[in-house]
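Visitor: File structure22.cif below, mmCIF, C-alpha atoms and all ligand atoms:
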data_entry
loop_
_atom_site.label_atom_id
_atom_site.label_comp_id
_atom_site.auth_asym_id
_atom_site.auth_seq_id
_atom_site.Cartn_x
_atom_site.Cartn_y
_atom_site.Cartn_z
CA MET Z 7 -34.20 -4.85 12.05
CA PRO Z 8 -30.38 -4.57 12.28
CA GLU Z 9 -30.14 -6.84 9.25
CA VAL Z 10 -32.51 -4.60 7.23
CA LEU Z 11 -30.47 -1.54 8.20
CA GLY Z 12 -27.30 -3.38 7.20
CA GLU Z 13 -28.84 -3.94 3.77
CA TYR Z 14 -29.23 -0.20 3.20
CA LEU Z 15 -25.80 0.63 4.61
CA ASP Z 16 -24.29 -2.01 2.28
CA ARG Z 17 -25.97 -0.20 -0.63
CA ILE Z 18 -24.66 3.22 0.41
CA VAL Z 19 -21.08 1.91 0.64
CA ASN Z 20 -21.37 0.22 -2.75
CA ILE Z 21 -22.42 3.22 -4.86
CA GLU Z 22 -19.67 3.23 -7.48
CA MET Z 23 -18.46 6.57 -8.87
CA LEU Z 24 -15.02 5.67 -10.13
CA ASP Z 25 -13.31 7.65 -12.87
CA ASP Z 26 -14.32 6.29 -16.29
CA ASN Z 27 -10.63 5.53 -16.95
CA SER Z 28 -10.33 3.33 -13.88
CA LEU Z 29 -9.65 -0.35 -14.51
CA ARG Z 30 -11.78 -1.13 -11.48
CA ARG Z 31 -14.86 0.56 -12.95
CA ASN Z 32 -17.98 -1.65 -12.98
CA LYS Z 33 -16.31 -4.26 -10.75
CA THR Z 34 -17.74 -2.96 -7.45
CA GLU Z 35 -21.14 -4.61 -7.86
CA LEU Z 36 -19.64 -7.91 -9.07
CA LEU Z 37 -17.23 -8.11 -6.12
CA TYR Z 38 -20.00 -7.16 -3.66
CA ARG Z 39 -22.34 -9.85 -5.03
CA ALA Z 40 -19.60 -12.50 -4.72
CA ALA Z 41 -18.86 -11.45 -1.13
CA ARG Z 42 -22.55 -11.31 -0.26
CA GLU Z 43 -23.27 -14.73 -1.73
CA LYS Z 44 -20.39 -16.27 0.19
CA GLN Z 45 -21.46 -14.73 3.52
CA GLY Z 46 -25.24 -14.82 3.10
CA ALA Z 47 -26.17 -11.61 4.97
CA PRO Z 48 -25.54 -7.82 4.82
CA LEU Z 49 -21.80 -7.34 5.29
CA THR Z 50 -21.84 -4.23 7.51
CA HIS Z 51 -24.24 -6.02 9.85
CA LEU Z 52 -22.12 -9.19 10.01
CA ALA Z 53 -19.06 -7.14 11.00
CA ALA Z 54 -20.85 -4.98 13.60
CA LYS Z 55 -22.65 -7.99 15.10
CA GLY Z 56 -19.35 -9.85 15.48
CA LEU Z 57 -17.74 -6.82 17.12
CA VAL Z 58 -20.60 -6.30 19.60
CA GLU Z 59 -20.46 -9.99 20.54
CA ARG Z 60 -16.67 -10.20 20.88
CA VAL Z 61 -15.26 -6.82 21.95
CA LYS Z 62 -15.54 -6.07 25.67
CA LYS Z 63 -14.67 -2.87 27.56
CA ASP Z 64 -10.88 -2.22 27.74
CA ASP Z 65 -10.13 -4.87 25.10
CA TYR Z 66 -7.45 -4.00 22.58
CA VAL Z 67 -8.52 -3.99 18.93
CA ILE Z 68 -5.87 -3.99 16.18
CA LEU Z 69 -6.55 -1.63 13.25
CA LEU Z 70 -4.51 -2.06 10.05
CA SER Z 71 -4.29 0.30 7.10
CA GLY Z 72 -1.75 1.62 4.61
CA ALA Z 73 -1.77 1.15 0.84
CA GLY Z 74 1.27 3.28 0.16
CA ILE Z 75 3.67 2.68 -2.70
CA SER Z 76 6.91 4.70 -2.43
CA PRO Z 77 7.49 7.31 -3.79
CA TRP Z 78 4.04 7.85 -5.38
CA LEU Z 79 2.11 7.40 -2.16
CA GLU Z 80 4.98 7.96 0.27
CA TRP Z 81 2.75 8.69 3.31
CA GLY Z 82 0.02 6.36 2.11
CA GLU Z 83 -3.23 7.12 0.33
CA THR Z 84 -6.42 8.84 1.48
CA ASP Z 85 -8.44 5.64 1.37
CA GLY Z 86 -7.79 3.87 4.66
CA PRO Z 87 -6.88 6.41 7.36
CA THR Z 88 -10.32 8.00 7.89
CA GLY Z 89 -11.91 4.54 7.84
CA ILE Z 90 -9.52 3.47 10.62
CA ALA Z 91 -10.24 6.74 12.49
CA SER Z 92 -13.99 6.13 12.26
CA LEU Z 93 -13.59 2.59 13.62
CA ALA Z 94 -11.30 3.83 16.42
CA ARG Z 95 -14.04 6.30 17.38
CA SER Z 96 -16.98 3.87 17.17
CA LEU Z 97 -15.16 1.04 18.96
CA SER Z 98 -13.96 3.43 21.72
CA PHE Z 99 -17.14 5.50 22.14
CA GLY Z 100 -19.48 2.55 21.66
CA LEU Z 101 -17.74 -0.45 23.21
CA GLY Z 102 -15.02 1.11 25.38
CA ALA Z 103 -12.32 -0.67 23.35
CA ARG Z 104 -8.69 0.39 23.07
CA PRO Z 105 -7.62 0.83 19.42
CA VAL Z 106 -4.08 -0.08 18.36
CA TYR Z 107 -2.96 1.29 14.97
CA VAL Z 108 -0.33 -0.96 13.35
CA GLY Z 109 1.44 -0.14 10.10
CA ASN Z 110 4.31 1.42 8.20
CA GLU Z 111 5.61 4.29 10.38
CA LYS Z 112 5.24 6.92 7.65
CA GLU Z 113 1.68 5.86 6.92
CA LEU Z 114 0.69 6.02 10.58
CA GLY Z 115 0.95 9.86 10.46
CA PRO Z 116 -2.27 10.43 8.48
CA VAL Z 117 -4.04 7.70 10.52
CA ILE Z 118 -3.15 9.42 13.80
CA ALA Z 119 -4.15 12.86 12.42
CA ALA Z 120 -7.53 11.58 11.20
CA GLY Z 121 -8.06 9.78 14.52
CA VAL Z 122 -7.44 12.94 16.54
CA ALA Z 123 -9.96 14.80 14.35
CA ALA Z 124 -12.44 11.98 15.07
CA GLY Z 125 -11.95 12.40 18.83
CA ILE Z 126 -9.30 9.75 19.53
CA THR Z 127 -5.95 10.87 20.90
CA VAL Z 128 -2.75 8.78 20.71
CA LEU Z 129 -0.71 8.15 23.86
CA ASP Z 130 1.35 5.32 25.34
CA LYS Z 131 0.33 2.15 27.16
CA GLU Z 132 0.84 3.77 30.55
CA ALA Z 133 -1.84 6.40 29.84
CA VAL Z 134 -4.27 3.67 28.85
CA GLU Z 135 -3.50 1.00 31.45
CA ILE Z 136 -2.26 2.94 34.52
CA TYR Z 137 -4.24 6.17 34.14
CA LYS Z 138 -7.19 4.43 32.44
CA ARG Z 139 -7.51 7.22 29.90
CA LYS Z 140 -10.48 6.52 27.64
CA ASN Z 141 -10.86 7.19 23.90
CA THR Z 142 -7.12 6.79 23.45
CA ALA Z 143 -5.32 4.78 20.78
CA LEU Z 144 -1.83 3.31 20.70
CA SER Z 145 0.36 3.45 17.60
CA VAL Z 146 2.76 0.59 16.78
CA PRO Z 147 5.13 0.92 13.78
CA PHE Z 148 5.64 -2.29 11.80
CA PRO Z 149 8.88 -2.94 9.83
CA LEU Z 150 8.90 -3.19 6.02
CA GLY Z 151 9.56 -6.47 4.21
CA ASP Z 152 8.86 -10.07 5.22
CA ARG Z 153 11.99 -10.63 7.27
CA GLY Z 154 11.02 -10.85 10.94
CA ALA Z 155 7.43 -9.90 10.12
CA LYS Z 156 5.82 -13.08 11.42
CA GLU Z 157 7.79 -12.84 14.68
CA LYS Z 158 6.71 -9.20 15.08
CA ALA Z 159 3.09 -10.21 14.42
CA LEU Z 160 3.24 -12.88 17.14
CA GLU Z 161 4.85 -10.36 19.52
CA ILE Z 162 1.97 -7.89 18.94
CA LEU Z 163 -0.66 -10.62 19.45
CA ASP Z 164 1.04 -11.72 22.69
CA GLU Z 165 1.32 -8.17 23.99
CA PHE Z 166 -2.19 -6.90 23.27
CA LYS Z 167 -4.29 -10.11 23.15
CA PRO Z 168 -6.79 -8.32 20.88
CA SER Z 169 -10.41 -9.42 20.68
CA ALA Z 170 -10.67 -8.19 17.08
CA ILE Z 171 -8.43 -7.30 14.14
CA LEU Z 172 -9.71 -5.06 11.32
CA GLY Z 173 -8.00 -4.08 8.07
CA VAL Z 174 -9.12 -1.15 5.91
CA GLU Z 175 -7.58 -0.91 2.41
CA LYS Z 176 -4.56 -2.91 3.54
CA HIS Z 177 -2.78 -4.73 0.74
CA ALA Z 178 -1.61 -8.34 1.17
CA PRO Z 179 0.04 -10.93 -1.13
CA ASN Z 180 -1.75 -13.46 -3.35
CA SER Z 181 -1.54 -17.26 -3.18
CA VAL Z 182 1.96 -17.30 -4.76
CA GLY Z 183 3.28 -14.51 -2.53
CA VAL Z 184 3.06 -11.67 -5.09
CA TRP Z 185 1.73 -8.23 -4.07
CA HIS Z 186 -0.42 -6.24 -6.50
CA SER Z 187 -1.54 -2.65 -6.97
CA ALA Z 188 -5.20 -1.85 -7.63
CA ALA Z 189 -4.35 -1.91 -11.35
CA GLY Z 190 -3.10 -5.50 -11.03
CA GLN Z 191 0.61 -4.76 -11.42
CA ALA Z 192 3.17 -6.41 -9.14
CA THR Z 193 4.53 -4.17 -6.34
CA ASP Z 194 7.72 -4.48 -4.29
CA PRO Z 195 7.09 -6.60 -1.16
CA GLU Z 196 10.12 -5.00 0.53
CA GLY Z 197 8.26 -1.67 0.50
CA GLN Z 198 5.27 -3.07 2.41
CA PRO Z 199 4.64 -3.87 6.09
CA HIS Z 200 3.60 -7.54 6.15
CA VAL Z 201 0.88 -7.04 8.74
CA HIS Z 202 -1.25 -9.75 7.14
CA HIS Z 203 0.68 -12.10 9.44
CA ILE Z 204 -1.22 -10.51 12.35
CA VAL Z 205 -4.50 -11.49 10.68
CA GLU Z 206 -3.35 -14.99 9.77
CA GLU Z 207 -1.81 -15.76 13.16
CA GLY Z 208 -4.72 -14.03 14.94
CA ARG Z 209 -7.22 -16.28 13.18
CA LYS Z 210 -5.31 -19.35 14.39
CA ARG Z 211 -5.91 -18.04 17.92
CA GLY Z 212 -9.63 -17.49 17.29
CA VAL Z 213 -9.50 -13.68 17.14
CA PHE Z 214 -12.43 -12.12 15.21
CA THR Z 215 -11.17 -10.59 11.95
CA VAL Z 216 -12.72 -8.16 9.46
CA GLY Z 217 -11.28 -7.09 6.10
CA ILE Z 218 -12.61 -4.00 4.32
CA GLY Z 219 -11.51 -3.36 0.74
CA ASP Z 220 -12.59 -2.20 -2.70
CA GLY Z 221 -10.42 -4.04 -5.23
CA GLY Z 222 -9.51 -7.59 -4.27
CA ASN Z 223 -5.87 -7.01 -3.32
CA GLU Z 224 -6.73 -6.02 0.28
CA ILE Z 225 -6.81 -8.10 3.49
CA GLY Z 226 -10.09 -10.03 3.58
CA TYR Z 227 -10.53 -10.90 -0.10
CA GLY Z 228 -8.94 -14.30 0.49
CA LEU Z 229 -12.51 -15.24 1.42
CA ILE Z 230 -13.54 -14.88 -2.25
CA ARG Z 231 -10.11 -15.20 -3.87
CA GLU Z 232 -11.20 -17.45 -6.73
CA GLU Z 233 -14.37 -15.46 -7.45
CA ALA Z 234 -12.48 -12.13 -7.46
CA ASN Z 235 -9.77 -13.45 -9.80
CA ALA Z 236 -12.47 -14.85 -12.11
CA ILE Z 237 -14.12 -11.38 -12.26
CA TYR Z 238 -10.81 -9.85 -13.41
CA GLU Z 239 -10.12 -12.66 -15.83
CA GLN Z 240 -13.53 -12.21 -17.46
CA SER Z 241 -12.87 -8.48 -17.91
CA PHE Z 242 -9.23 -8.43 -18.95
CA GLY Z 243 -8.48 -11.98 -20.08
CA VAL Z 244 -5.97 -12.25 -17.21
CA SER Z 245 -6.46 -12.30 -13.44
CA CYS Z 246 -3.55 -9.85 -12.96
CA GLN Z 247 -1.24 -7.75 -15.13
CA CYS Z 248 2.10 -9.18 -13.98
CA GLY Z 249 1.91 -12.75 -15.26
CA CYS Z 250 2.57 -14.36 -11.88
CA GLY Z 251 -0.39 -16.65 -12.38
CA GLY Z 252 -1.75 -16.10 -8.88
CA GLY Z 253 -4.15 -13.29 -9.77
CA GLU Z 254 -4.69 -9.88 -8.17
CA ALA Z 255 -6.79 -11.12 -5.23
CA THR Z 256 -4.96 -11.66 -1.96
CA ALA Z 257 -4.89 -15.04 -0.21
CA CYS Z 258 -5.41 -13.34 3.16
CA ALA Z 259 -8.95 -14.16 4.35
CA THR Z 260 -10.93 -12.77 7.29
CA ASP Z 261 -14.03 -13.97 9.16
CA VAL Z 262 -15.99 -11.12 7.56
CA LEU Z 263 -15.15 -9.40 4.26
CA ILE Z 264 -16.79 -6.05 3.46
CA SER Z 265 -16.47 -5.40 -0.26
CA THR Z 266 -17.15 -1.73 -1.03
CA SER Z 267 -16.83 1.08 -3.56
CA VAL Z 268 -14.43 3.02 -1.30
CA SER Z 269 -12.83 1.20 1.64
CA ASN Z 270 -13.29 4.12 4.07
CA TRP Z 271 -17.04 3.97 3.45
CA GLY Z 272 -17.14 0.28 4.41
CA ALA Z 273 -15.60 1.24 7.76
CA TYR Z 274 -18.14 4.07 8.15
CA GLY Z 275 -20.87 1.51 7.46
CA VAL Z 276 -19.62 -0.57 10.41
CA SER Z 277 -19.57 2.55 12.62
CA ALA Z 278 -23.13 3.42 11.51
CA MET Z 279 -24.26 -0.13 12.27
CA LEU Z 280 -22.65 0.09 15.73
CA ALA Z 281 -24.38 3.47 16.26
CA TYR Z 282 -27.71 1.81 15.54
CA MET Z 283 -27.11 -1.35 17.57
CA LEU Z 284 -25.84 0.64 20.57
CA GLU Z 285 -28.58 3.28 20.09
CA ASP Z 286 -26.26 6.27 19.97
CA PRO Z 287 -25.86 8.21 16.67
CA PHE Z 288 -22.92 10.14 18.19
CA ILE Z 289 -20.79 7.02 17.74
CA LEU Z 290 -20.65 7.72 13.96
CA GLN Z 291 -18.74 10.89 13.02
CA ASP Z 292 -20.96 13.68 11.64
CA ALA Z 293 -20.37 15.49 8.34
CA ASP Z 294 -18.39 18.35 9.89
CA THR Z 295 -16.13 15.92 11.77
CA GLU Z 296 -15.71 13.97 8.53
CA ARG Z 297 -14.56 17.16 6.76
CA ARG Z 298 -11.89 17.76 9.43
CA MET Z 299 -10.80 14.10 9.35
CA VAL Z 300 -10.30 14.14 5.57
CA GLU Z 301 -8.57 17.55 5.58
CA VAL Z 302 -6.02 16.71 8.29
CA MET Z 303 -5.35 13.31 6.71
CA ALA Z 304 -4.41 15.03 3.43
CA GLN Z 305 -2.38 17.68 5.27
CA ALA Z 306 -0.46 14.88 7.01
CA GLY Z 307 0.69 13.64 3.60
CA ALA Z 308 -1.87 11.05 2.48
CA VAL Z 309 -2.35 11.23 -1.29
CA GLU Z 310 -5.54 10.80 -3.30
CA ALA Z 311 -4.66 7.62 -5.22
CA THR Z 312 -6.56 8.06 -8.50
CA TYR Z 313 -4.76 11.29 -9.41
CA ALA Z 314 -1.74 11.11 -7.03
CA LEU Z 315 -2.57 14.58 -5.69
CA SER Z 316 -2.35 15.91 -2.13
CA ILE Z 317 -6.00 16.94 -2.05
CA PRO Z 318 -8.82 16.09 0.38
CA TRP Z 319 -10.48 13.63 -2.02
CA VAL Z 320 -10.77 9.85 -1.75
CA ASP Z 321 -10.62 7.41 -4.70
CA GLY Z 322 -11.57 10.10 -7.22
CA THR Z 323 -14.48 11.45 -5.14
CA SER Z 324 -14.64 14.92 -3.59
CA LEU Z 325 -14.66 15.96 0.06
CA GLU Z 326 -18.37 16.77 -0.29
CA VAL Z 327 -19.07 13.18 -1.39
CA GLN Z 328 -17.39 11.84 1.77
CA GLN Z 329 -19.57 14.17 3.85
CA ALA Z 330 -22.68 13.16 1.90
CA VAL Z 331 -22.03 9.46 2.56
CA VAL Z 332 -21.79 10.13 6.31
CA THR Z 333 -24.90 12.35 6.16
CA MET Z 334 -26.93 9.61 4.45
CA MET Z 335 -25.80 7.10 7.06
CA HIS Z 336 -26.87 9.47 9.85
CA GLY Z 337 -30.27 9.80 8.18
CA VAL Z 338 -30.67 6.01 8.05
CA VAL Z 339 -29.57 5.54 11.68
CA ALA Z 340 -31.50 8.50 13.19
CA ASN Z 341 -34.82 7.52 11.64
CA ALA Z 342 -34.34 3.86 12.55
CA LEU Z 343 -33.76 4.87 16.18
CA ARG Z 344 -36.69 7.30 16.39
CA ARG Z 345 -39.09 5.87 18.94
CA LYS Z 346 -41.63 8.73 19.00
CA PRO Z 347 -43.33 10.42 16.04
CA VAL Z 348 -41.77 13.79 15.24
CA ARG Z 349 -43.76 16.87 16.34
CA MET Z 350 -44.27 17.95 12.74
CA HIS Z 351 -46.32 14.82 12.18
CA GLU Z 352 -48.60 15.68 15.13
CA ALA Z 353 -49.11 19.21 13.76
CA ILE Z 354 -50.23 17.87 10.40
CA GLY Z 355 -52.80 15.65 12.09
CA ASP Z 356 -54.68 12.83 10.43
CA TYR Z 357 -55.08 13.27 6.66
CA GLY Z 358 -57.68 10.52 6.54
CA ALA Z 359 -59.81 12.19 9.23
CA SER Z 360 -59.76 15.58 7.49
CA ARG Z 361 -60.88 14.01 4.22
CA ARG Z 362 -63.73 12.22 5.90
CA GLY Z 363 -64.73 15.48 7.62
CA SER Z 364 -64.84 17.41 4.36
CA LYS Z 365 -67.33 15.06 2.79
ZN ZN Z 401 0.38 -11.15 -10.67
#
With the file now loaded, output its structure as structure tokens.
Guide:
Amino acid sequence: MPEVLGEYLDRIVNIEMLDDNSLRRNKTELLYRAAREKQGAPLTHLAAKGLVERVKKDDYVILLSGAGISPWLEWGETDGPTGIASLARSLSFGLGARPVYVGNEKELGPVIAAGVAAGITVLDKEAVEIYKRKNTALSVPFPLGDRGAKEKALEILDEFKPSAILGVEKHAPNSVGVWHSAAGQATDPEGQPHVHHIVEEGRKRGVFTVGIGDGGNEIGYGLIREEANAIYEQSFGVSCQCGCGGGEATACATDVLISTSVSNWGAYGVSAMLAYMLEDPFILQDADTERRMVEVMAQAGAVEATYALSIPWVDGTSLEVQQAVVTMMHGVVANALRRKPVRMHEAIGDYGASRRGSK
């Protein structure tokens, strides 16, 4: 049953409604199919199953986001932070985990704001370890550029010994070390936190890793790097727009890759799957909570990336669409968990019996 539910959640998170001018239009389904073929099962289910098996109470879980490009997306974009906030909530409420947000300091602002709206406060290690405060995240700024990044990644892994690492819309370099925007252009590596080292070094230590993205340039797509680059090459004649030869897809792979239409939705799909597996719909934020999460994220500076506007939209889709996605997921989870027939059904009675009686 969880696998069947994962199938429907995968479909919800892969409904594409990109702007007709977007270069990524009509790629969502192709990227999903490649990811699905490689992994052989519904992606939201694979991620949630791995988390339930690996993450124990009081374990630290590293959450990575931030697709900012200064100065256009100075405090990051709106795709990422609410996905991280949803995961912080579901992993805390559902599994008793301790989320650790890691990223560019400026981009952590919208993540923290969205997390608070989702029910997760941010305090220091003392509050979590000495006072045992639950539903509390830690926030760890990561320096920009590659210098010292690997050392910092190892330091974070040593300090928190996480049982899982998840990235949501977090860019990473390709196989020749070039970073790309969603449009396939090269971006400045010195303007990015190189947190992919946490994923790469974490995997060497056997930590469970999940990458959630919607374009190919985000952590996780290393799993289908060649397939993703081939999809771009078939569409544009080149695998990226900068001529580096390495293609837009990142080389950074994860144990599970969730390829989606909007990265936040992929994270919501994992939260919905956890809500079902742990039999508690409350684990997934409701539509009103989602509205507050998106609004405070935008107020904290995150920019809607399609139009570069400070509005509560995500990847060209309105606030109402974000709420609708969460509402559909709640419908899927609530009905799958319903053990007794609803009263309305009893009131209607047995259609078959009434027909027989009328004859
Ligand atoms: Zn390139």
Visitor: Determine the nearest neighbour of Thr50 (chain Z) from the options Z:Ile264, Z:Cys258, Z:Leu37, Z:Ile218, counting only C-alpha atoms.
Guide: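 Of Z:Ile264, Z:Cys258, Z:Leu37, Z:Ile218, the one nearest Thr50 (chain Z) is Z:Ile264, counting only C-alpha atoms.
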Visitor: Check which residues fall inside 7 Å of ligand ZN 401 (chain Z) when counting only C-alpha atoms and all ligand atoms, and print them as a tab-separated table (two decimals) with C-alpha atoms, in the coordinates of the input.
Guide:
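The new file result-v8.tsv reads:
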chain	number	residue	atom	x	y	z
Z	184	VAL	CA	3.06	-11.67	-5.09
Z	186	HIS	CA	-0.42	-6.24	-6.50
Z	190	GLY	CA	-3.10	-5.50	-11.03
Z	191	GLN	CA	0.61	-4.76	-11.42
Z	192	ALA	CA	3.17	-6.41	-9.14
Z	246	CYS	CA	-3.55	-9.85	-12.96
Z	247	GLN	CA	-1.24	-7.75	-15.13
Z	248	CYS	CA	2.10	-9.18	-13.98
Z	249	GLY	CA	1.91	-12.75	-15.26
Z	250	CYS	CA	2.57	-14.36	-11.88
Z	251	GLY	CA	-0.39	-16.65	-12.38
Z	252	GLY	CA	-1.75	-16.10	-8.88
Z	253	GLY	CA	-4.15	-13.29	-9.77
Z	254	GLU	CA	-4.69	-9.88	-8.17
Visitor: One number please: CA of Asp164 (chain Z) to CA of Glu196 (chain Z), in Å, one decimal.
Guide: 24.9 Å
Visitor: Considering all atoms listed in the file, return as a list in words whatever protein or nucleic-acid residues lie within 9 Å of region 8-16 of chain Z, sequence-local ones (same chain, fewer than 3 positions apart) excluded.
Guide: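 Final neighbour list, sorted by chain and number: Val19, Asn20, Tyr38, Ala47, Pro48, Leu49, Thr50, His51, Leu52, Lys55, Ile264, Ser265, Thr266, Gly272, Gly275, Val276, Ala278, Met279, Tyr282, Met283, Met335, Val338, Val339 and Ala342 of chain Z.
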Visitor: Quick one: residues within 10 Å of (2.1, 9.3, 0.4) (file frame), counting all atoms listed in the file, please, as a PyMOL selection string.
Guide: chain Z and resi 72-84+112-113+116+304+306-311+314-316
Visitor: Interatomic distance between CA of Phe166 (chain Z) and CA of Gly100 (chain Z)?
Guide: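 Going from CA of Phe166 (chain Z) over to CA of Gly100 (chain Z), I get 19.8 Å.
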Visitor: Would you pick out the contacts of region 140-150 of chain Z at 10 Å or less, using all atoms listed in the file, so that residues sharing its chain but fewer than 2 positions from it are not included, and give the list as a PyMOL selection string?
Guide: chain Z and resi 64+66-69+91+94-99+102-115+117-118+121-122+125-131+133-135+137-138+152-155+158-159+162+195-201
Visitor: Find the residues of region 32-64 of chain Z that sit at most 8 Å from region 167-178 of chain Z; for each, write down the nearest two atoms and how far apart they are in Å, to one decimal. Count all atoms listed in the file. Sort by chain, then by number going up, and give it as JSON lines.
Guide:
{"residue": "Z:Leu57", "atom": "CA", "partner": "Z:Ala170", "partner_atom": "CA", "distance": 7.2}
{"residue": "Z:Arg60", "atom": "CA", "partner": "Z:Ser169", "partner_atom": "CA", "distance": 6.3}
{"residue": "Z:Val61", "atom": "CA", "partner": "Z:Ser169", "partner_atom": "CA", "distance": 5.6}
{"residue": "Z:Lys62", "atom": "CA", "partner": "Z:Ser169", "partner_atom": "CA", "distance": 7.9}
